[in-house]
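Novice: As input, take structure-v4.txt (compact mmCIF, C-alpha atoms):
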```txt
# COMPACT_ATOMS: atom_id res chain seq x y z
CA MET A 1 -55.12 -8.67 5.66
CA THR A 2 -51.89 -8.64 7.67
CA HIS A 3 -49.87 -9.55 4.58
CA LEU A 4 -50.42 -6.04 3.26
CA PHE A 5 -48.21 -4.70 6.01
CA ALA A 6 -45.56 -7.45 6.06
CA MET A 7 -42.01 -6.32 5.39
CA PRO A 8 -40.73 -7.54 2.00
CA LEU A 9 -38.12 -10.27 2.27
CA ASN A 10 -34.61 -9.24 1.42
CA ILE A 11 -33.72 -11.94 -1.09
CA ARG A 12 -30.47 -11.79 -3.00
CA THR A 13 -30.71 -12.58 -6.72
CA TYR A 14 -29.15 -15.49 -8.61
CA HIS A 15 -26.07 -13.61 -9.76
CA GLU A 16 -25.44 -12.27 -6.29
CA LEU A 17 -24.94 -15.79 -4.97
CA THR A 18 -21.34 -16.59 -5.81
CA GLU A 19 -20.41 -19.29 -3.34
CA ALA A 20 -19.00 -22.52 -4.76
CA ASP A 21 -21.68 -25.13 -5.34
CA ARG A 22 -21.14 -28.85 -5.74
CA SER A 23 -23.62 -29.03 -8.60
CA GLY A 24 -21.64 -26.53 -10.65
CA LEU A 25 -24.19 -26.63 -13.45
CA ALA A 26 -22.59 -23.70 -15.25
CA ASP A 27 -19.22 -25.44 -15.02
CA GLN A 28 -20.73 -28.63 -16.41
CA ILE A 29 -22.03 -26.72 -19.42
CA ALA A 30 -18.65 -25.02 -19.85
CA THR A 31 -16.94 -28.42 -19.76
CA GLN A 32 -19.28 -29.65 -22.49
CA ARG A 33 -18.36 -26.67 -24.66
CA ARG A 34 -14.64 -27.28 -24.03
CA ARG A 35 -15.01 -30.88 -25.19
CA VAL A 36 -16.48 -29.65 -28.47
CA ALA A 37 -13.71 -27.09 -28.91
CA ASP A 38 -11.00 -29.62 -28.07
CA ARG A 39 -12.40 -32.19 -30.50
CA LEU A 40 -12.66 -29.68 -33.33
CA ALA A 41 -9.23 -28.16 -32.73
CA GLY A 42 -7.92 -30.17 -35.68
CA VAL A 43 -10.75 -29.14 -38.02
CA ARG A 44 -9.75 -26.28 -40.27
CA ARG A 45 -13.29 -25.28 -41.17
CA VAL A 46 -16.82 -26.25 -40.20
CA VAL A 47 -19.21 -25.75 -43.12
CA ALA A 48 -22.92 -25.72 -42.32
CA VAL A 49 -24.99 -26.81 -45.31
CA LEU A 50 -28.43 -25.27 -44.94
CA SER A 51 -31.41 -24.16 -46.94
CA GLY A 52 -34.26 -23.47 -44.58
CA LYS A 53 -36.36 -25.51 -47.03
CA GLY A 54 -36.97 -29.23 -47.16
CA GLY A 55 -36.54 -31.32 -50.28
CA VAL A 56 -34.02 -29.13 -52.11
CA GLY A 57 -31.26 -31.74 -51.96
CA LYS A 58 -29.02 -30.52 -49.13
CA SER A 59 -27.92 -34.02 -48.26
CA PHE A 60 -27.39 -34.92 -51.91
CA VAL A 61 -25.22 -31.83 -52.41
CA THR A 62 -23.38 -32.42 -49.13
CA ALA A 63 -22.56 -36.02 -50.01
CA GLY A 64 -21.54 -35.24 -53.56
CA LEU A 65 -19.36 -32.38 -52.43
CA ALA A 66 -17.79 -34.43 -49.65
CA ARG A 67 -16.92 -37.30 -51.98
CA GLU A 68 -15.30 -34.99 -54.48
CA LEU A 69 -13.40 -33.07 -51.81
CA ALA A 70 -12.03 -36.36 -50.49
CA ARG A 71 -11.12 -37.51 -54.00
CA SER A 72 -9.22 -34.28 -54.52
CA GLY A 73 -7.09 -35.06 -51.46
CA ARG A 74 -8.78 -32.98 -48.80
CA ALA A 75 -9.49 -34.54 -45.42
CA THR A 76 -13.27 -34.34 -45.27
CA GLY A 77 -15.90 -35.24 -42.71
CA VAL A 78 -19.69 -35.14 -42.76
CA LEU A 79 -21.81 -34.81 -39.66
CA ASP A 80 -25.38 -35.73 -40.52
CA ALA A 81 -27.35 -33.38 -38.28
CA ASP A 82 -30.72 -34.46 -39.63
CA PHE A 83 -31.44 -36.87 -36.78
CA ASN A 84 -35.01 -37.60 -37.80
CA GLY A 85 -34.35 -38.17 -41.49
CA PRO A 86 -30.71 -39.19 -41.76
CA THR A 87 -29.63 -40.08 -45.31
CA ILE A 88 -25.93 -39.30 -45.55
CA PRO A 89 -24.64 -42.88 -44.98
CA ALA A 90 -26.81 -44.14 -47.85
CA LEU A 91 -25.68 -41.30 -50.10
CA LEU A 92 -22.05 -42.11 -49.26
CA SER A 93 -22.74 -45.84 -49.83
CA LEU A 94 -21.69 -46.67 -46.28
CA PRO A 95 -22.65 -50.11 -45.03
CA VAL A 96 -24.43 -50.33 -41.68
CA ALA A 97 -21.76 -51.68 -39.37
CA ARG A 98 -20.88 -51.58 -35.70
CA CYS A 99 -19.38 -48.32 -34.48
CA THR A 100 -16.14 -48.82 -32.58
CA LEU A 101 -15.96 -47.16 -29.19
CA HIS A 102 -12.82 -46.07 -27.40
CA GLU A 103 -12.54 -44.39 -24.03
CA ASP A 104 -11.93 -41.08 -25.75
CA GLY A 105 -14.53 -41.29 -28.50
CA ILE A 106 -16.20 -43.19 -31.27
CA GLU A 107 -14.73 -43.94 -34.67
CA PRO A 108 -16.58 -42.36 -37.60
CA ALA A 109 -17.58 -44.52 -40.54
CA VAL A 110 -15.36 -43.97 -43.56
CA SER A 111 -16.51 -44.05 -47.19
CA VAL A 112 -14.54 -45.57 -50.07
CA GLU A 113 -13.36 -42.07 -50.96
CA GLY A 114 -12.18 -41.47 -47.38
CA VAL A 115 -15.04 -39.26 -46.16
CA ARG A 116 -15.41 -39.62 -42.38
CA CYS A 117 -19.06 -39.67 -41.45
CA PHE A 118 -21.30 -39.93 -38.44
CA SER A 119 -25.06 -40.14 -38.56
CA MET A 120 -28.03 -41.25 -36.53
CA ALA A 121 -28.66 -43.69 -39.39
CA LEU A 122 -25.65 -45.67 -38.16
CA LEU A 123 -27.30 -46.16 -34.78
CA LEU A 124 -31.02 -46.66 -35.36
CA GLU A 125 -32.83 -49.91 -35.95
CA GLU A 126 -33.77 -50.42 -39.59
CA GLY A 127 -36.96 -48.54 -40.44
CA ARG A 128 -37.56 -47.21 -36.92
CA PRO A 129 -37.89 -43.50 -36.07
CA LEU A 130 -35.67 -41.71 -33.60
CA ALA A 131 -37.38 -42.05 -30.23
CA PHE A 132 -36.20 -41.00 -26.79
CA ARG A 133 -36.83 -42.39 -23.35
CA GLY A 134 -38.87 -39.95 -21.30
CA PRO A 135 -42.29 -38.96 -20.01
CA GLU A 136 -45.01 -39.23 -22.62
CA THR A 137 -46.53 -35.85 -21.85
CA GLU A 138 -44.93 -32.47 -22.59
CA GLY A 139 -42.40 -34.09 -24.91
CA HIS A 140 -41.99 -30.82 -26.79
CA VAL A 141 -40.34 -29.32 -23.69
CA TRP A 142 -37.36 -31.67 -23.67
CA ARG A 143 -37.16 -33.23 -27.12
CA GLU A 144 -35.44 -30.28 -28.81
CA THR A 145 -33.03 -30.09 -25.87
CA LEU A 146 -32.18 -33.75 -26.38
CA GLU A 147 -31.59 -33.21 -30.08
CA ALA A 148 -29.27 -30.31 -29.25
CA ALA A 149 -27.43 -32.63 -26.85
CA THR A 150 -27.20 -35.19 -29.65
CA LEU A 151 -25.60 -32.59 -31.91
CA ARG A 152 -23.16 -31.70 -29.13
CA GLU A 153 -22.17 -35.33 -28.65
CA PHE A 154 -21.78 -35.93 -32.40
CA LEU A 155 -19.41 -32.95 -32.49
CA ALA A 156 -17.51 -33.73 -29.28
CA ASP A 157 -17.46 -37.51 -29.06
CA VAL A 158 -16.74 -38.61 -32.63
CA ALA A 159 -13.02 -38.97 -33.30
CA TRP A 160 -13.03 -36.65 -36.30
CA GLY A 161 -9.25 -36.20 -36.30
CA ALA A 162 -7.59 -33.59 -38.47
CA LEU A 163 -9.93 -32.38 -41.21
CA ASP A 164 -9.79 -29.69 -43.84
CA GLU A 165 -13.57 -29.48 -43.84
CA LEU A 166 -16.30 -30.84 -41.62
CA LEU A 167 -19.57 -30.49 -43.52
CA VAL A 168 -22.63 -30.37 -41.26
CA ASP A 169 -25.75 -31.44 -43.14
CA LEU A 170 -28.58 -29.57 -41.42
CA PRO A 171 -32.29 -30.44 -41.48
CA PRO A 172 -34.83 -27.95 -42.89
CA GLY A 173 -35.41 -24.81 -40.83
CA VAL A 174 -32.87 -22.83 -38.84
CA GLN A 175 -33.18 -24.29 -35.35
CA ARG A 176 -30.39 -26.86 -35.72
CA PHE A 177 -28.20 -24.14 -37.22
CA GLN A 178 -28.80 -21.97 -34.14
CA GLU A 179 -27.86 -24.89 -31.92
CA LEU A 180 -24.71 -25.46 -33.96
CA VAL A 181 -23.66 -21.84 -33.60
CA GLU A 182 -24.12 -22.01 -29.83
CA LEU A 183 -21.97 -25.13 -29.59
CA LEU A 184 -19.07 -24.14 -31.82
CA PRO A 185 -16.20 -22.00 -30.55
CA ALA A 186 -16.67 -19.73 -33.61
CA PRO A 187 -19.54 -19.32 -36.08
CA PRO A 188 -19.39 -21.79 -38.98
CA THR A 189 -19.07 -21.05 -42.65
CA VAL A 190 -22.42 -21.43 -44.40
CA LEU A 191 -23.14 -23.03 -47.75
CA ALA A 192 -26.73 -22.51 -48.90
CA VAL A 193 -28.56 -24.92 -51.17
CA THR A 194 -31.65 -23.93 -53.13
CA ILE A 195 -33.70 -25.07 -56.07
CA PRO A 196 -34.64 -22.47 -58.71
CA THR A 197 -38.16 -21.72 -57.44
CA PRO A 198 -39.31 -18.49 -55.71
CA GLU A 199 -40.64 -20.55 -52.79
CA SER A 200 -37.21 -22.01 -52.17
CA ARG A 201 -35.63 -18.57 -52.61
CA ASP A 202 -37.80 -17.15 -49.84
CA ALA A 203 -37.00 -19.95 -47.42
CA VAL A 204 -33.27 -19.80 -48.13
CA ARG A 205 -33.31 -16.03 -47.78
CA ARG A 206 -34.74 -16.34 -44.27
CA ALA A 207 -32.16 -18.96 -43.33
CA LEU A 208 -29.27 -16.91 -44.67
CA ARG A 209 -30.49 -13.86 -42.82
CA ALA A 210 -30.47 -15.89 -39.60
CA ALA A 211 -26.96 -17.07 -40.43
CA ALA A 212 -25.75 -13.53 -41.09
CA GLU A 213 -27.27 -12.34 -37.83
CA ARG A 214 -25.21 -15.00 -36.04
CA LYS A 215 -22.03 -13.65 -37.70
CA ALA A 216 -21.54 -16.71 -39.89
CA THR A 217 -19.43 -16.33 -43.01
CA LEU A 218 -21.60 -16.92 -46.08
CA LEU A 219 -19.65 -19.02 -48.54
CA GLY A 220 -22.11 -19.01 -51.40
CA VAL A 221 -25.16 -20.72 -52.82
CA VAL A 222 -25.51 -23.93 -54.78
CA GLU A 223 -28.54 -24.24 -57.06
CA ASN A 224 -29.73 -27.81 -57.27
CA MET A 225 -32.12 -29.53 -59.72
CA VAL A 226 -31.42 -27.03 -62.49
CA GLY A 227 -32.96 -27.80 -65.89
CA GLY A 228 -35.72 -29.93 -64.40
CA PRO A 229 -39.35 -29.11 -63.77
CA PHE A 230 -38.57 -26.23 -61.38
CA ALA A 231 -38.58 -22.74 -62.86
CA GLY A 232 -37.04 -19.60 -61.40
CA SER A 233 -33.79 -17.82 -60.68
CA ALA A 234 -33.48 -18.30 -56.93
CA ALA A 235 -29.71 -18.66 -56.82
CA ASP A 236 -29.04 -15.47 -58.76
CA GLU A 237 -31.47 -13.48 -56.63
CA ILE A 238 -30.03 -14.81 -53.38
CA ALA A 239 -26.49 -14.19 -54.58
CA ALA A 240 -27.36 -10.58 -55.43
CA GLU A 241 -29.14 -9.95 -52.16
CA PHE A 242 -26.37 -11.32 -49.93
CA ALA A 243 -23.42 -10.42 -52.17
CA ILE A 244 -22.28 -14.02 -52.34
CA PRO A 245 -21.30 -16.15 -55.36
CA VAL A 246 -23.39 -18.81 -57.04
CA LEU A 247 -20.91 -21.60 -56.48
CA ALA A 248 -22.52 -24.20 -58.65
CA ARG A 249 -25.63 -25.16 -60.57
CA VAL A 250 -26.25 -28.86 -60.25
CA PRO A 251 -28.26 -30.31 -63.17
CA PHE A 252 -31.46 -32.20 -62.46
CA HIS A 253 -29.67 -35.28 -63.81
CA PRO A 254 -26.12 -34.55 -62.66
CA GLY A 255 -24.29 -37.49 -64.24
CA ASP A 256 -20.94 -38.80 -63.09
CA GLY A 257 -18.86 -35.80 -64.11
CA ALA A 258 -20.95 -33.09 -62.49
CA TRP A 259 -19.02 -32.94 -59.24
CA ASP A 260 -15.62 -32.56 -60.92
CA HIS A 261 -16.90 -29.36 -62.45
CA ILE A 262 -18.40 -28.15 -59.20
CA ILE A 263 -15.25 -28.80 -57.22
CA SER A 264 -13.19 -26.75 -59.61
CA LYS A 265 -15.56 -23.83 -59.00
CA LEU A 266 -15.61 -24.39 -55.26
CA GLY A 267 -11.88 -24.90 -54.98
CA SER A 268 -11.02 -21.27 -54.47
CA SER A 269 -13.84 -20.72 -51.98
CA LEU A 270 -13.20 -23.67 -49.70
CA MET B 271 -30.49 -23.21 -10.05
CA LYS B 272 -29.43 -22.11 -6.57
CA PHE B 273 -31.09 -22.15 -3.17
CA LEU B 274 -30.85 -19.36 -0.65
CA CYS B 275 -31.56 -19.68 3.06
CA VAL B 276 -33.31 -16.34 3.39
CA GLU B 277 -33.10 -16.26 7.15
CA CYS B 278 -29.30 -16.75 7.18
CA ASP B 279 -28.72 -15.07 3.81
CA ARG B 280 -26.50 -18.01 2.84
CA GLN B 281 -26.41 -20.05 -0.32
CA MET B 282 -27.50 -23.60 0.48
CA GLN B 283 -25.16 -26.43 -0.43
CA PHE B 284 -26.01 -29.61 -2.30
CA GLU B 285 -26.25 -32.54 0.09
CA GLU B 286 -27.74 -35.58 -1.58
CA ARG B 287 -29.49 -36.75 -4.74
CA ARG B 288 -32.01 -39.56 -5.06
CA LEU B 289 -33.60 -41.16 -8.11
CA PRO B 290 -36.61 -43.19 -6.95
CA GLY B 291 -36.93 -44.84 -10.36
CA ASP B 292 -40.29 -43.32 -11.29
CA GLY B 293 -38.78 -40.59 -13.42
CA THR B 294 -38.68 -38.08 -10.59
CA LEU B 295 -35.67 -36.69 -8.77
CA ALA B 296 -35.07 -35.51 -5.23
CA ALA B 297 -32.12 -33.36 -4.30
CA ALA B 298 -31.44 -32.07 -0.80
CA PHE B 299 -29.68 -28.80 -0.03
CA ARG B 300 -28.43 -27.70 3.41
CA CYS B 301 -27.81 -24.24 4.81
CA PRO B 302 -24.18 -24.13 5.98
CA THR B 303 -25.10 -21.75 8.80
CA CYS B 304 -28.29 -23.04 10.41
CA GLY B 305 -28.28 -26.58 9.00
CA ARG B 306 -31.80 -26.33 7.64
CA VAL B 307 -32.37 -28.77 4.77
CA VAL B 308 -34.75 -28.30 1.87
CA ALA B 309 -35.53 -30.82 -0.84
CA LEU B 310 -35.94 -30.05 -4.52
CA LEU B 311 -38.47 -32.44 -6.03
CA THR B 312 -38.82 -32.50 -9.80
CA ASN B 313 -41.58 -34.14 -11.80
CA PRO B 314 -40.71 -36.49 -14.71
CA MET B 315 -40.80 -33.73 -17.29
CA GLU B 316 -38.52 -31.48 -15.24
CA THR B 317 -36.18 -34.38 -14.49
CA GLN B 318 -36.02 -35.20 -18.18
CA LEU B 319 -35.28 -31.61 -19.10
CA VAL B 320 -32.28 -31.50 -16.77
CA ALA B 321 -31.07 -34.88 -18.07
CA SER B 322 -31.49 -33.63 -21.64
CA LEU B 323 -28.99 -30.89 -20.94
CA GLY B 324 -26.43 -33.56 -20.08
CA VAL B 325 -25.86 -32.11 -16.60
CA LYS B 326 -26.36 -33.59 -13.16
CA ILE B 327 -27.70 -31.79 -10.13
CA GLY B 328 -25.09 -32.39 -7.45
CA GLY B 329 -22.29 -32.61 -9.98
CA THR B 330 -20.81 -35.36 -12.09
CA THR B 331 -19.14 -38.26 -10.37
CA ILE B 332 -17.93 -40.28 -13.33
CA ALA B 333 -15.95 -39.46 -16.44
CA PRO B 334 -18.16 -38.66 -19.44
CA GLN B 335 -18.76 -41.60 -21.77
CA PRO B 336 -18.78 -41.15 -25.55
CA LEU B 337 -22.32 -40.42 -26.77
CA GLU B 338 -23.52 -40.73 -23.20
CA THR B 339 -26.80 -38.88 -23.69
CA VAL B 340 -27.58 -40.54 -27.02
CA ARG B 341 -26.91 -44.03 -25.70
CA GLY B 342 -28.77 -43.38 -22.49
CA MET B 343 -31.84 -41.82 -24.06
CA VAL B 344 -32.46 -43.30 -27.52
CA THR B 345 -34.90 -46.19 -27.36
CA THR B 346 -34.85 -47.22 -31.01
CA GLY B 347 -31.12 -47.85 -31.34
CA ARG B 348 -29.75 -51.08 -32.79
CA ASP B 349 -28.67 -53.63 -30.22
CA ASP B 350 -25.43 -54.15 -32.14
CA ALA B 351 -24.72 -50.49 -32.92
CA PHE B 352 -21.51 -50.37 -30.89
CA GLU B 353 -18.51 -52.50 -30.19
CA ASP B 354 -15.66 -51.79 -27.80
CA GLY B 355 -12.24 -51.15 -29.28
CA LYS B 356 -9.44 -53.62 -28.59
CA GLY B 357 -8.31 -53.69 -24.98
CA GLU B 358 -11.17 -51.51 -23.78
CA THR B 359 -12.13 -52.99 -20.43
CA GLY B 360 -12.67 -49.90 -18.34
CA LYS B 361 -10.29 -47.36 -16.91
CA GLY B 362 -6.82 -48.10 -15.61
CA LYS B 363 -4.61 -51.13 -15.82
CA GLY B 364 -4.77 -54.43 -14.03
CA SER B 365 -7.33 -57.19 -14.24
CA PRO B 366 -10.93 -56.00 -14.43
CA PRO B 367 -13.37 -56.88 -11.62
CA ALA B 368 -15.29 -60.12 -12.04
CA TRP B 369 -19.05 -60.24 -12.62
CA SER B 370 -21.17 -62.51 -10.46
CA PRO B 371 -23.66 -64.69 -12.42
CA GLU B 372 -26.54 -62.66 -11.00
CA ALA B 373 -24.90 -59.38 -12.05
CA GLN B 374 -24.24 -60.80 -15.53
CA GLU B 375 -27.87 -61.80 -15.78
CA ARG B 376 -28.97 -58.33 -14.78
CA LEU B 377 -26.59 -56.70 -17.23
CA ALA B 378 -27.92 -58.92 -20.00
CA ARG B 379 -31.37 -57.41 -19.45
CA VAL B 380 -30.07 -53.92 -20.25
CA PRO B 381 -30.90 -52.98 -23.89
CA GLY B 382 -27.97 -53.75 -26.16
CA PHE B 383 -27.77 -50.17 -27.41
CA VAL B 384 -26.69 -48.90 -23.98
CA ARG B 385 -25.29 -52.10 -22.44
CA GLY B 386 -21.65 -51.43 -23.30
CA MET B 387 -21.75 -48.04 -21.61
CA VAL B 388 -23.50 -49.39 -18.52
CA ARG B 389 -20.96 -52.22 -18.30
CA ARG B 390 -18.07 -49.80 -18.49
CA ILE B 391 -19.54 -47.47 -15.86
CA TYR B 392 -19.94 -50.35 -13.39
CA LEU B 393 -16.42 -51.59 -14.18
CA ASP B 394 -14.94 -48.14 -13.58
CA TYR B 395 -16.96 -47.77 -10.39
CA ALA B 396 -15.71 -51.12 -9.05
CA LYS B 397 -12.11 -50.48 -10.07
CA ASP B 398 -12.08 -47.05 -8.43
CA ARG B 399 -13.19 -48.61 -5.16
CA GLY B 400 -11.08 -51.78 -5.30
CA ILE B 401 -14.16 -54.00 -5.60
CA ALA B 402 -13.14 -57.43 -6.87
CA GLU B 403 -16.57 -58.71 -7.87
CA ILE B 404 -19.56 -56.84 -9.26
CA THR B 405 -22.78 -58.12 -7.73
CA PRO B 406 -26.37 -56.81 -7.96
CA ALA B 407 -25.80 -55.10 -4.60
CA VAL B 408 -22.76 -53.30 -5.99
CA MET B 409 -24.82 -52.30 -9.03
CA ASP B 410 -27.58 -50.93 -6.80
CA THR B 411 -25.11 -48.90 -4.76
CA ALA B 412 -23.39 -47.59 -7.87
CA ARG B 413 -26.68 -46.69 -9.49
CA SER B 414 -27.72 -44.72 -6.44
CA GLU B 415 -24.36 -43.02 -5.91
CA LEU B 416 -23.81 -42.15 -9.54
CA GLY B 417 -27.37 -41.18 -10.34
CA LEU B 418 -27.80 -43.73 -13.12
CA GLU B 419 -31.50 -43.36 -13.75
CA GLY B 420 -32.82 -46.35 -15.65
CA MET B 421 -29.47 -48.23 -15.74
```
Translate the structure described by the file into structure tokens.
Specialist:
Amino acid sequence: MTHLFAMPLNIRTYHELTEADRSGLADQIATQRRRVADRLAGVRRVVAVLSGKGGVGKSFVTAGLARELARSGRATGVLDADFNGPTIPALLSLPVARCTLHEDGIEPAVSVEGVRCFSMALLLEEGRPLAFRGPETEGHVWRETLEAATLREFLADVAWGALDELLVDLPPGVQRFQELVELLPAPPTVLAVTIPTPESRDAVRRALRAAAERKATLLGVVENMVGGPFAGSAADEIAAEFAIPVLARVPFHPGDGAWDHIISKLGSSL
Amino acid sequence: MKFLCVECDRQMQFEERRLPGDGTLAAAFRCPTCGRVVALLTNPMETQLVASLGVKIGGTTIAPQPLETVRGMVTTGRDDAFEDGKGETGKGKGSPPAWSPEAQERLARVPGFVRGMVRRIYLDYAKDRGIAEITPAVMDTARSELGLEGM
């Protein structure tokens, strides 16, 4: 029972220890953030394309928008942040080819229209899932951290160059968006994509609320798959709730001319 | 992560890092006042978590490589996903170090997805130290010094 009478140890806390340390973990993290900021110094605007809901056509809208922006003369890039289901290269009709490495970075793939793109789809073996080296147990502890590191490297290590817009195609949910916000020097602009249904409305509403809480500028909402089997008025309701414009309504069968029309509506917002 | 020598009330300083190759990590820290050394031992999951952050206990010793974490960690990447740009033979000017046949053989066993990065790291390591020929012994030393787990 002697421990009951032992004097408590006088232990200084983490923040009270200020001596230089060779590990410098905080400095290493700061250096990572600086690399992102330096790489994106030539990017006028980062636009996060999100919905919070899967299957609403975020990637389809992102690719269509990127192609049309490039055709209209704007320097446009797309970062495919859906590492487990990357589709942007296929939607931009990019062939699978070797990525060229330089000491300072990696060249993005470039579409016929001039869209600069980087995606996990450019790196993975055909038909194989994204898998990481690591211990088989407790994978949930480190896998999300590795995906956040992947996002950081796609931002910092791809030679994006000077861009008017870098569109970031996010996977469903808001986690990747949160990671993006933490990595960028300033919160991104957010473009929401929904389909007309109430279910999609609810998911997009949650995602936009998360974006607003992180001080992101809400650009507007695009309603996809309009005139098809999905009924509802999600875009109008979201627009009213967040005081943002409905930027476009993409028909269920868009046709070749659909993006011209959308770009003219988006022109003043972007 | 910091270590305090409670008796001396001094922050302990990083001394040495070891990667035994079984997914674990050992890092030694020494008290600058009394010289006492403690070792931090991490299990594979903890080691992986630190690596996933893209940081190194003990500090970085080599310049960051493009997509370093992705290339080092992804196991389902295409062997031919990357190619070096023209004239990319490692840092600095001058002729690059030679590779012994045994070192070439060992390098060839590295998965293609990460091989280019590993090759460049060894080249930079040898150039920095004026090593004319890269041998398996040089690779072992570099791996240990640089903390190249699994490379």
Novice: One decimal, in Å: what's the spacing between CA of Phe177 in chain A and CA of Val204 in chain A?
Specialist: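 We find that CA of Phe177 in chain A and CA of Val204 in chain A lie 12.8 Å from each other.
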Novice: Would you mind listing, as a count of residues only, all residues of chain B that have at least one atom within 9 Å of chain A, where all atoms listed in the file are what counts?
Specialist: 54
Novice: Have a look at CA of Gln374 in chain B and CA of Pro406 in chain B and let me know their distance in Å, one decimal.
Specialist: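 So the two atoms, CA of Gln374 in chain B and CA of Pro406 in chain B, lie 8.8 Å apart.
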Novice: In terms of the shortest atom-to-atom distance over all atoms listed in the file, which of B:Ile332, B:Ala373, B:Cys278, B:Leu310 is closest to Ala407 in chain B?
Specialist: B:Ala373
Novice: Do you have the CA of Ser59 in chain A-CA of Asp169 in chain A distance handy?
Specialist: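 Going from CA of Ser59 in chain A over to CA of Asp169 in chain A, I get 6.1 Å.
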Novice: Ranking A:Ser200, A:Thr76, A:Asn84, A:Ser233 by minimum distance to Gly161 in chain A and counting all atoms listed in the file, which one comes first?
Specialist: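 For Gly161 in chain A, the nearest of the candidates is A:Thr76.
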Novice: Starting from the point (-30.3, -39.0, -4.9), work out which residues of protein, DNA or RNA have an atom no more than 8 Å away when counting only C-alpha atoms; state them as number ranges by chain.
Specialist: B: 286-290, 295-297, 414-415, 417
Novice: Show me the residues around (-25.9, -53.0, -5.6) - criterion: an atom at most 12 Å away, only C-alpha atoms counted - as an NGL selection string.
Specialist: :B and (370 or 372-373 or 376 or 392 or 395-396 or 401 or 403-416 or 421)
Novice: Mind checking which residues fall within 6 Å of Pro108 in chain A, counting only C-alpha atoms, ignoring those fewer than 3 positions away in the same chain, and posting them as a PyMOL selection string?
Specialist: chain A and resi 116-118
Novice: Quick one: residues within 8 Å of range 217-230 of chain A, all atoms listed in the file counted, chain neighbours fewer than 4 positions away excluded, as a ChimeraX atom specification?
Specialist: /A:56-57,61,187-197,208,211-212,234-235,238-239,244-253,269
